[in-house]
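What follows is the content of work16.cif (mmCIF, N, CA, C and O atoms).
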```
data_coords
loop_
_atom_site.label_atom_id
_atom_site.label_comp_id
_atom_site.auth_asym_id
_atom_site.auth_seq_id
_atom_site.Cartn_x
_atom_site.Cartn_y
_atom_site.Cartn_z
N MET P 77 10.23 61.77 -210.47
CA MET P 77 9.04 62.59 -210.40
C MET P 77 8.53 62.61 -208.97
O MET P 77 8.54 61.59 -208.30
N ARG P 78 8.08 63.77 -208.57
CA ARG P 78 7.54 63.92 -207.21
C ARG P 78 6.30 64.80 -207.27
O ARG P 78 6.13 65.59 -208.19
N ASN P 79 5.47 64.65 -206.25
CA ASN P 79 4.27 65.49 -206.10
C ASN P 79 3.39 65.48 -207.35
O ASN P 79 3.01 66.52 -207.87
N ILE P 80 3.05 64.28 -207.80
CA ILE P 80 2.19 64.11 -208.96
C ILE P 80 0.74 64.28 -208.50
O ILE P 80 0.28 63.53 -207.62
N PRO P 81 0.00 65.25 -209.05
CA PRO P 81 -1.39 65.42 -208.63
C PRO P 81 -2.21 64.16 -208.92
O PRO P 81 -1.99 63.50 -209.94
N CYS P 82 -3.11 63.81 -208.02
CA CYS P 82 -3.97 62.64 -208.25
C CYS P 82 -5.42 63.03 -208.01
O CYS P 82 -5.74 63.77 -207.10
N ASP P 83 -6.28 62.51 -208.88
CA ASP P 83 -7.70 62.79 -208.81
C ASP P 83 -8.39 61.70 -207.99
O ASP P 83 -8.51 60.57 -208.44
N LEU P 84 -8.81 62.03 -206.79
CA LEU P 84 -9.50 61.08 -205.93
C LEU P 84 -10.98 61.44 -205.77
O LEU P 84 -11.64 60.98 -204.84
N SER P 85 -11.50 62.24 -206.70
CA SER P 85 -12.88 62.72 -206.59
C SER P 85 -13.89 61.59 -206.70
O SER P 85 -15.03 61.74 -206.27
N ASN P 86 -13.51 60.46 -207.25
CA ASN P 86 -14.41 59.32 -207.40
C ASN P 86 -14.45 58.45 -206.13
O ASN P 86 -15.15 57.47 -206.09
N TYR P 87 -13.67 58.82 -205.12
CA TYR P 87 -13.56 58.04 -203.89
C TYR P 87 -14.19 58.77 -202.72
O TYR P 87 -14.13 59.99 -202.64
N THR P 88 -14.76 58.00 -201.82
CA THR P 88 -15.20 58.54 -200.53
C THR P 88 -14.05 58.32 -199.57
O THR P 88 -13.52 57.22 -199.46
N ALA P 89 -13.65 59.39 -198.88
CA ALA P 89 -12.56 59.32 -197.90
C ALA P 89 -13.16 59.46 -196.51
O ALA P 89 -13.82 60.45 -196.21
N ARG P 90 -12.91 58.46 -195.68
CA ARG P 90 -13.42 58.46 -194.31
C ARG P 90 -12.23 58.38 -193.37
O ARG P 90 -11.30 57.60 -193.60
N VAL P 91 -12.23 59.18 -192.31
CA VAL P 91 -11.12 59.20 -191.36
C VAL P 91 -11.07 57.86 -190.62
O VAL P 91 -12.02 57.48 -189.96
N ALA P 92 -9.92 57.16 -190.76
CA ALA P 92 -9.72 55.89 -190.05
C ALA P 92 -9.01 56.15 -188.72
O ALA P 92 -9.29 55.48 -187.73
N GLU P 93 -8.08 57.10 -188.73
CA GLU P 93 -7.39 57.54 -187.51
C GLU P 93 -7.29 59.05 -187.57
O GLU P 93 -6.87 59.59 -188.60
N ALA P 94 -7.65 59.72 -186.50
CA ALA P 94 -7.62 61.18 -186.47
C ALA P 94 -6.22 61.70 -186.79
O ALA P 94 -5.23 61.07 -186.42
N PRO P 95 -6.12 62.83 -187.47
CA PRO P 95 -4.81 63.40 -187.79
C PRO P 95 -3.99 63.68 -186.53
O PRO P 95 -4.54 64.06 -185.49
N GLU P 96 -2.69 63.48 -186.65
CA GLU P 96 -1.77 63.73 -185.54
C GLU P 96 -0.44 64.19 -186.10
O GLU P 96 -0.17 64.01 -187.29
N PRO P 97 0.41 64.81 -185.28
CA PRO P 97 1.72 65.23 -185.76
C PRO P 97 2.51 64.02 -186.27
O PRO P 97 2.47 62.94 -185.68
N LYS P 98 3.21 64.19 -187.38
CA LYS P 98 4.01 63.12 -187.95
C LYS P 98 5.35 63.04 -187.21
O LYS P 98 5.98 64.06 -186.95
N THR P 99 5.78 61.82 -186.88
CA THR P 99 7.05 61.62 -186.20
C THR P 99 7.84 60.51 -186.90
O THR P 99 7.29 59.74 -187.69
N ARG P 100 9.12 60.45 -186.58
CA ARG P 100 10.00 59.37 -187.06
C ARG P 100 11.00 59.10 -185.96
O ARG P 100 11.15 59.89 -185.04
N LYS P 101 11.70 57.97 -186.06
CA LYS P 101 12.74 57.65 -185.08
C LYS P 101 14.07 58.17 -185.58
O LYS P 101 14.42 57.98 -186.75
N ASP P 102 14.84 58.83 -184.69
CA ASP P 102 16.17 59.30 -185.07
C ASP P 102 17.17 58.16 -184.91
O ASP P 102 16.80 57.03 -184.57
N GLU P 103 18.45 58.45 -185.14
CA GLU P 103 19.48 57.42 -185.06
C GLU P 103 19.63 56.80 -183.67
O GLU P 103 20.16 55.71 -183.52
N ASN P 104 19.13 57.47 -182.64
CA ASN P 104 19.17 56.95 -181.27
C ASN P 104 17.87 56.25 -180.86
O ASN P 104 17.71 55.86 -179.71
N GLY P 105 16.93 56.15 -181.80
CA GLY P 105 15.67 55.48 -181.52
C GLY P 105 14.61 56.35 -180.87
O GLY P 105 13.56 55.86 -180.48
N ARG P 106 14.89 57.66 -180.73
CA ARG P 106 13.91 58.58 -180.13
C ARG P 106 12.96 59.11 -181.20
O ARG P 106 13.34 59.30 -182.35
N GLU P 107 11.71 59.35 -180.78
CA GLU P 107 10.71 59.94 -181.67
C GLU P 107 11.00 61.43 -181.85
O GLU P 107 11.15 62.15 -180.86
N VAL P 108 11.09 61.88 -183.11
CA VAL P 108 11.29 63.30 -183.39
C VAL P 108 10.24 63.77 -184.39
O VAL P 108 9.75 62.98 -185.19
N ALA P 109 9.90 65.04 -184.32
CA ALA P 109 8.90 65.62 -185.21
C ALA P 109 9.42 65.69 -186.64
O ALA P 109 10.59 65.97 -186.87
N VAL P 110 8.54 65.43 -187.60
CA VAL P 110 8.87 65.57 -189.01
C VAL P 110 8.47 66.97 -189.44
O VAL P 110 7.36 67.42 -189.18
N THR P 111 9.41 67.67 -190.10
CA THR P 111 9.15 69.03 -190.59
C THR P 111 9.56 69.11 -192.06
O THR P 111 10.30 68.27 -192.57
N ASP P 112 9.11 70.17 -192.72
CA ASP P 112 9.56 70.41 -194.09
C ASP P 112 10.87 71.19 -194.05
O ASP P 112 11.44 71.41 -192.98
N ARG P 113 11.35 71.60 -195.20
CA ARG P 113 12.65 72.30 -195.27
C ARG P 113 12.65 73.65 -194.56
O ARG P 113 13.69 74.14 -194.16
N GLU P 114 11.47 74.24 -194.38
CA GLU P 114 11.36 75.52 -193.68
C GLU P 114 11.11 75.34 -192.19
O GLU P 114 10.92 76.32 -191.47
N GLY P 115 11.04 74.10 -191.73
CA GLY P 115 10.82 73.83 -190.32
C GLY P 115 9.36 73.75 -189.91
O GLY P 115 9.05 73.68 -188.72
N VAL P 116 8.44 73.75 -190.87
CA VAL P 116 7.01 73.66 -190.58
C VAL P 116 6.65 72.20 -190.30
O VAL P 116 7.00 71.31 -191.08
N ARG P 117 5.98 71.97 -189.20
CA ARG P 117 5.61 70.62 -188.76
C ARG P 117 4.65 69.96 -189.74
O ARG P 117 3.75 70.62 -190.28
N ARG P 118 4.81 68.69 -189.98
CA ARG P 118 3.92 67.90 -190.84
C ARG P 118 2.99 67.06 -189.97
O ARG P 118 3.31 66.74 -188.83
N TYR P 119 1.86 66.70 -190.54
CA TYR P 119 0.85 65.90 -189.85
C TYR P 119 0.52 64.69 -190.71
O TYR P 119 0.81 64.67 -191.90
N VAL P 120 -0.07 63.69 -190.11
CA VAL P 120 -0.44 62.48 -190.84
C VAL P 120 -1.87 62.09 -190.48
O VAL P 120 -2.28 62.23 -189.32
N ALA P 121 -2.61 61.64 -191.49
CA ALA P 121 -3.97 61.18 -191.28
C ALA P 121 -4.15 59.86 -192.03
O ALA P 121 -3.69 59.72 -193.16
N SER P 122 -4.79 58.90 -191.39
CA SER P 122 -5.13 57.63 -192.04
C SER P 122 -6.56 57.73 -192.52
O SER P 122 -7.47 58.00 -191.73
N LEU P 123 -6.74 57.53 -193.82
CA LEU P 123 -8.06 57.62 -194.42
C LEU P 123 -8.43 56.31 -195.08
O LEU P 123 -7.57 55.64 -195.66
N PHE P 124 -9.69 55.94 -194.99
CA PHE P 124 -10.19 54.77 -195.67
C PHE P 124 -10.82 55.26 -196.97
O PHE P 124 -11.80 56.02 -196.95
N LEU P 125 -10.22 54.88 -198.11
CA LEU P 125 -10.71 55.31 -199.42
C LEU P 125 -11.50 54.18 -200.06
O LEU P 125 -11.06 53.03 -200.09
N LYS P 126 -12.67 54.53 -200.60
CA LYS P 126 -13.53 53.52 -201.22
C LYS P 126 -14.31 54.16 -202.35
O LYS P 126 -14.76 55.29 -202.24
N THR P 127 -14.42 53.42 -203.43
CA THR P 127 -15.26 53.85 -204.53
C THR P 127 -16.45 52.88 -204.62
O THR P 127 -16.34 51.74 -204.18
N LYS P 128 -17.53 53.33 -205.16
CA LYS P 128 -18.76 52.53 -205.18
C LYS P 128 -18.54 51.18 -205.86
O LYS P 128 -17.97 51.10 -206.94
N GLY P 129 -18.97 50.12 -205.18
CA GLY P 129 -18.90 48.78 -205.74
C GLY P 129 -17.55 48.09 -205.62
O GLY P 129 -17.37 46.98 -206.09
N GLU P 130 -16.57 48.73 -205.01
CA GLU P 130 -15.22 48.17 -204.87
C GLU P 130 -14.86 48.05 -203.40
O GLU P 130 -15.45 48.70 -202.56
N LYS P 131 -13.84 47.23 -203.13
CA LYS P 131 -13.31 47.16 -201.77
C LYS P 131 -12.52 48.43 -201.50
O LYS P 131 -11.92 49.01 -202.41
N GLY P 132 -12.47 48.84 -200.25
CA GLY P 132 -11.72 50.03 -199.88
C GLY P 132 -10.34 49.67 -199.37
O GLY P 132 -9.99 48.51 -199.21
N GLU P 133 -9.57 50.71 -199.10
CA GLU P 133 -8.22 50.53 -198.58
C GLU P 133 -7.85 51.70 -197.69
O GLU P 133 -8.21 52.84 -197.97
N GLU P 134 -7.11 51.42 -196.61
CA GLU P 134 -6.64 52.47 -195.72
C GLU P 134 -5.33 53.03 -196.28
O GLU P 134 -4.41 52.28 -196.60
N VAL P 135 -5.26 54.35 -196.39
CA VAL P 135 -4.08 55.03 -196.94
C VAL P 135 -3.68 56.15 -195.99
O VAL P 135 -4.54 56.91 -195.53
N ARG P 136 -2.39 56.25 -195.70
CA ARG P 136 -1.89 57.32 -194.83
C ARG P 136 -1.44 58.50 -195.71
O ARG P 136 -0.69 58.31 -196.66
N PHE P 137 -1.92 59.68 -195.35
CA PHE P 137 -1.57 60.90 -196.07
C PHE P 137 -0.78 61.83 -195.17
O PHE P 137 -1.18 62.07 -194.03
N THR P 138 0.32 62.35 -195.67
CA THR P 138 1.05 63.39 -194.96
C THR P 138 0.37 64.71 -195.31
O THR P 138 0.10 64.99 -196.49
N LEU P 139 0.08 65.52 -194.30
CA LEU P 139 -0.60 66.80 -194.50
C LEU P 139 0.39 67.93 -194.31
O LEU P 139 1.20 67.91 -193.38
N ASP P 140 0.31 68.95 -195.17
CA ASP P 140 1.24 70.08 -195.13
C ASP P 140 1.02 71.00 -193.96
O ASP P 140 1.92 71.74 -193.57
N ALA P 141 -0.18 71.00 -193.41
CA ALA P 141 -0.51 71.95 -192.33
C ALA P 141 -1.34 71.25 -191.25
O ALA P 141 -1.92 70.19 -191.49
N ASP P 142 -1.40 71.87 -190.10
CA ASP P 142 -2.19 71.35 -189.00
C ASP P 142 -3.66 71.37 -189.39
O ASP P 142 -4.23 72.42 -189.66
N PRO P 143 -4.31 70.20 -189.43
CA PRO P 143 -5.72 70.17 -189.83
C PRO P 143 -6.67 70.61 -188.73
O PRO P 143 -7.86 70.79 -188.98
N GLY P 144 -6.18 70.77 -187.51
CA GLY P 144 -7.04 71.15 -186.39
C GLY P 144 -7.62 69.93 -185.71
O GLY P 144 -7.31 68.79 -186.06
N ASP P 145 -8.49 70.18 -184.74
CA ASP P 145 -9.05 69.11 -183.92
C ASP P 145 -10.44 68.66 -184.35
O ASP P 145 -11.05 67.82 -183.69
N GLU P 146 -10.96 69.19 -185.45
CA GLU P 146 -12.34 68.91 -185.81
C GLU P 146 -12.55 67.55 -186.48
O GLU P 146 -13.68 67.12 -186.68
N PHE P 147 -11.49 66.84 -186.83
CA PHE P 147 -11.62 65.59 -187.56
C PHE P 147 -11.61 64.40 -186.61
O PHE P 147 -10.69 64.23 -185.83
N GLU P 148 -12.65 63.56 -186.72
CA GLU P 148 -12.82 62.40 -185.84
C GLU P 148 -12.92 61.14 -186.68
O GLU P 148 -13.29 61.19 -187.87
N GLU P 149 -12.65 60.02 -186.05
CA GLU P 149 -12.76 58.73 -186.71
C GLU P 149 -14.16 58.55 -187.28
O GLU P 149 -15.16 58.84 -186.64
N GLY P 150 -14.24 58.09 -188.53
CA GLY P 150 -15.52 57.85 -189.20
C GLY P 150 -16.05 59.02 -190.00
O GLY P 150 -16.97 58.85 -190.80
N MET P 151 -15.48 60.19 -189.81
CA MET P 151 -15.92 61.40 -190.50
C MET P 151 -15.55 61.35 -192.00
O MET P 151 -14.45 60.94 -192.36
N VAL P 152 -16.48 61.76 -192.87
CA VAL P 152 -16.21 61.83 -194.30
C VAL P 152 -15.52 63.16 -194.60
O VAL P 152 -15.97 64.22 -194.14
N VAL P 153 -14.40 63.08 -195.34
CA VAL P 153 -13.60 64.27 -195.63
C VAL P 153 -13.24 64.33 -197.11
O VAL P 153 -13.39 63.35 -197.84
N GLU P 154 -12.76 65.48 -197.51
CA GLU P 154 -12.22 65.67 -198.86
C GLU P 154 -10.77 66.11 -198.71
O GLU P 154 -10.45 66.91 -197.83
N LEU P 155 -9.91 65.57 -199.55
CA LEU P 155 -8.50 65.96 -199.54
C LEU P 155 -8.31 67.22 -200.37
O LEU P 155 -8.88 67.35 -201.46
N ILE P 156 -7.53 68.14 -199.86
CA ILE P 156 -7.22 69.36 -200.59
C ILE P 156 -5.90 69.14 -201.33
O ILE P 156 -4.87 68.86 -200.71
N ALA P 157 -5.93 69.21 -202.64
CA ALA P 157 -4.77 69.06 -203.52
C ALA P 157 -3.96 67.79 -203.21
O ALA P 157 -2.78 67.86 -202.88
N PRO P 158 -4.59 66.60 -203.35
CA PRO P 158 -3.84 65.37 -203.09
C PRO P 158 -2.78 65.13 -204.17
O PRO P 158 -2.95 65.53 -205.32
N ARG P 159 -1.69 64.48 -203.74
CA ARG P 159 -0.59 64.19 -204.67
C ARG P 159 0.11 62.92 -204.21
O ARG P 159 -0.06 62.48 -203.09
N MET P 160 0.91 62.34 -205.10
CA MET P 160 1.65 61.14 -204.75
C MET P 160 3.07 61.25 -205.28
O MET P 160 3.34 61.95 -206.26
N SER P 161 3.98 60.56 -204.59
CA SER P 161 5.39 60.55 -204.98
C SER P 161 5.93 59.13 -204.86
O SER P 161 5.89 58.55 -203.78
N PRO P 162 6.42 58.56 -205.96
CA PRO P 162 7.05 57.25 -205.85
C PRO P 162 8.39 57.38 -205.15
O PRO P 162 9.04 58.43 -205.21
N TYR P 163 8.80 56.32 -204.45
CA TYR P 163 10.10 56.33 -203.78
C TYR P 163 10.76 54.96 -203.88
O TYR P 163 10.08 53.95 -204.08
N SER P 164 12.07 54.94 -203.76
CA SER P 164 12.84 53.71 -203.74
C SER P 164 14.17 54.01 -203.06
O SER P 164 14.82 55.00 -203.38
N PHE P 165 14.57 53.15 -202.11
CA PHE P 165 15.85 53.32 -201.42
C PHE P 165 16.31 51.98 -200.88
O PHE P 165 15.54 51.03 -200.80
N LYS P 166 17.58 51.90 -200.54
CA LYS P 166 18.13 50.70 -199.91
C LYS P 166 18.14 50.92 -198.41
O LYS P 166 18.62 51.93 -197.94
N ASN P 167 17.62 49.94 -197.66
CA ASN P 167 17.60 50.06 -196.21
C ASN P 167 18.93 49.59 -195.63
O ASN P 167 19.86 49.23 -196.37
N ALA P 168 19.04 49.58 -194.32
CA ALA P 168 20.28 49.22 -193.64
C ALA P 168 20.73 47.79 -193.94
O ALA P 168 21.91 47.47 -193.84
N ASN P 169 19.78 46.93 -194.33
CA ASN P 169 20.10 45.53 -194.65
C ASN P 169 20.45 45.34 -196.12
O ASN P 169 20.65 44.21 -196.58
N GLY P 170 20.47 46.45 -196.88
CA GLY P 170 20.78 46.37 -198.31
C GLY P 170 19.60 45.99 -199.18
O GLY P 170 19.75 45.78 -200.37
N GLU P 171 18.40 45.89 -198.58
CA GLU P 171 17.21 45.56 -199.34
C GLU P 171 16.62 46.81 -199.98
O GLU P 171 16.65 47.88 -199.38
N THR P 172 16.10 46.68 -201.17
CA THR P 172 15.45 47.80 -201.84
C THR P 172 14.01 47.91 -201.35
O THR P 172 13.27 46.93 -201.38
N VAL P 173 13.65 49.09 -200.89
CA VAL P 173 12.30 49.38 -200.43
C VAL P 173 11.71 50.40 -201.39
O VAL P 173 12.34 51.42 -201.68
N SER P 174 10.53 50.13 -201.90
CA SER P 174 9.91 51.08 -202.82
C SER P 174 8.41 51.12 -202.59
O SER P 174 7.83 50.22 -201.99
N GLY P 175 7.79 52.20 -203.04
CA GLY P 175 6.36 52.37 -202.88
C GLY P 175 5.92 53.74 -203.35
O GLY P 175 6.63 54.41 -204.09
N ILE P 176 4.76 54.14 -202.88
CA ILE P 176 4.20 55.44 -203.22
C ILE P 176 3.83 56.14 -201.92
O ILE P 176 3.14 55.56 -201.08
N ALA P 177 4.27 57.38 -201.75
CA ALA P 177 3.92 58.20 -200.60
C ALA P 177 2.81 59.15 -201.03
O ALA P 177 2.89 59.78 -202.09
N PHE P 178 1.77 59.24 -200.21
CA PHE P 178 0.64 60.12 -200.50
C PHE P 178 0.69 61.34 -199.59
O PHE P 178 1.05 61.23 -198.42
N ALA P 179 0.32 62.49 -200.12
CA ALA P 179 0.31 63.73 -199.35
C ALA P 179 -0.83 64.61 -199.85
O ALA P 179 -1.42 64.36 -200.90
N ALA P 180 -1.14 65.64 -199.07
CA ALA P 180 -2.17 66.62 -199.44
C ALA P 180 -1.89 67.90 -198.69
O ALA P 180 -1.20 67.90 -197.66
N VAL P 181 -2.44 68.98 -199.20
CA VAL P 181 -2.31 70.27 -198.51
C VAL P 181 -3.06 70.20 -197.19
O VAL P 181 -2.59 70.67 -196.16
N GLY P 182 -4.24 69.57 -197.20
CA GLY P 182 -5.04 69.47 -195.99
C GLY P 182 -6.31 68.67 -196.22
O GLY P 182 -6.47 68.01 -197.24
N LEU P 183 -7.20 68.75 -195.23
CA LEU P 183 -8.49 68.07 -195.27
C LEU P 183 -9.60 69.07 -195.06
O LEU P 183 -9.40 70.10 -194.41
N LYS P 184 -10.78 68.76 -195.59
CA LYS P 184 -11.96 69.55 -195.25
C LYS P 184 -13.13 68.61 -195.07
O LYS P 184 -13.24 67.60 -195.77
N PRO P 185 -13.99 68.91 -194.10
CA PRO P 185 -15.14 68.04 -193.84
C PRO P 185 -16.13 68.09 -195.01
O PRO P 185 -16.25 69.10 -195.68
N VAL P 186 -16.80 66.97 -195.23
CA VAL P 186 -17.84 66.89 -196.25
C VAL P 186 -19.18 66.80 -195.54
O VAL P 186 -19.35 65.97 -194.64
N ALA P 187 -20.09 67.64 -195.94
CA ALA P 187 -21.43 67.62 -195.33
C ALA P 187 -22.16 66.38 -195.81
O ALA P 187 -22.24 66.12 -197.01
N THR P 188 -22.65 65.58 -194.87
CA THR P 188 -23.43 64.39 -195.22
C THR P 188 -24.85 64.59 -194.71
O THR P 188 -25.08 65.15 -193.65
N PHE P 189 -25.80 64.09 -195.48
CA PHE P 189 -27.21 64.28 -195.14
C PHE P 189 -27.87 62.98 -194.88
O PHE P 189 -27.59 61.97 -195.31
#
```

Will you turn the file into structure tokens for me?
Amino acid sequence: MRNIPCDLSNYTARVAEAPEPKTRKDENGREVAVTDREGVRRYVASLFLKTKGEKGEEVRFTLDADPGDEFEEGMVVELIAPRMSPYSFKNANGETVSGIAFAAVGLKPVATF
């Protein structure tokens, strides 16, 4: 299963690190841009998610589109169409690595008073 919609409406999302283009290391150790199958560049944002009365956690979200420059550290945002995908693979050492990858279509600022 991939791209499972998730309801995060009960959480406050605060920008922990401003969105930036997503990169990975290629086989030669160089940083290369991450794109989708159509060649559209992906972005990543670190958000601190917290619900009332609970401890929060920093979660990295891959964004489908360029969110622009308006998002700053500490800003409260809302995720547009958040989703999650479980993953599992064997790394170069033969160890199994598994987890959940989070993604969203984008971000929008939340008006705070």

* Asked: Which residue, P:Val181, P:Asp140, P:Arg113, P:Val173, has the smallest gap to Ile156 of chain P when you use only C-alpha atoms?
  -> P:Val181

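Nearest to Thr138 of chain P of all the residues P:Ala180, P:Cys82, P:Ala94, P:Met151 is P:Ala180, counting all atoms listed in the file.
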
* Given the choices P:Ala179, P:Val108, P:Val152, P:Val135, which gets closest to Ala121 of chain P if the distance is worked out from all atoms listed in the file? -> P:Val135

* **Backbone-only DSSP, strand (DSSP E) members of segment 105-143 of chain P, as number ranges by chain** => P: 107-109, 119-126, 133-139

* Once the PyMOL selection byres (((chain P and resi 178 and name CA) around 9) and name CA) has been applied to the shown file, what residues remain in the selection, as a PyMOL selection string? -> chain P and resi 79+135-138+158-162+176-177+179-180

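We find atom O of Met77 of chain P and atom O of Arg100 of chain P to be spaced 23.5 Å apart.
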
* Asked: Of the candidates P:Val116, P:Ala109, P:Leu125, P:Val186, which shows the shortest atom-to-atom distance to Leu84 of chain P, using only C-alpha atoms?
  ->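 Looking only at the distances to Leu84 of chain P, the closest residue turns out to be P:Leu125.
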
* Minimum-distance residue to Glu149 of chain P, chosen among P:Gly105, P:Gly129, P:Pro95, P:Gly175 (using only C-alpha atoms) ->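 That would be P:Pro95, the residue with the smallest distance to Glu149 of chain P.
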
* Asked: Could you state the separation of atom CA of Pro97 of chain P and atom CA of Val110 of chain P in Å, given to one decimal place?
  ->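 Atom CA of Pro97 of chain P sits 7.9 Å away from atom CA of Val110 of chain P.
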
* With only N, CA, C and O atoms as the basis for distance, which of P:Glu171, P:Glu114, P:Glu103, P:Glu133 is at the shortest distance from Ala89 of chain P? ->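 Answer, going by the shortest atom-to-atom distance: P:Glu133.
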
All file atoms of segment 129-147 of chain P boxed axis-aligned, 8 Å per side, centre plus edges, as lines of an AutoDock Vina configuration file:
```
center_x = -8.5
center_y = 59.7
center_z = -194.9
size_x = 36.9
size_y = 41.4
size_z = 38.4
```

* Asked: Could you state the separation of atom N of Ser122 of chain P and atom C of Val91 of chain P in Å, given to one decimal place?
  ->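 We find that atom N of Ser122 of chain P and atom C of Val91 of chain P lie 6.4 Å from each other.
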
* Once the PyMOL selection byres (((chain P and resi 85-87 and name CA) around 10) and name CA) has been applied to the shown file, what residues remain in the selection, as a list in words? ->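 Written out, the selection comes to Cys82, Asp83, Leu84, Thr88, Ala89, Arg90, Phe124, Leu125, Lys126, Thr127, Lys128, Gly132, Glu154 and Leu155 of chain P.
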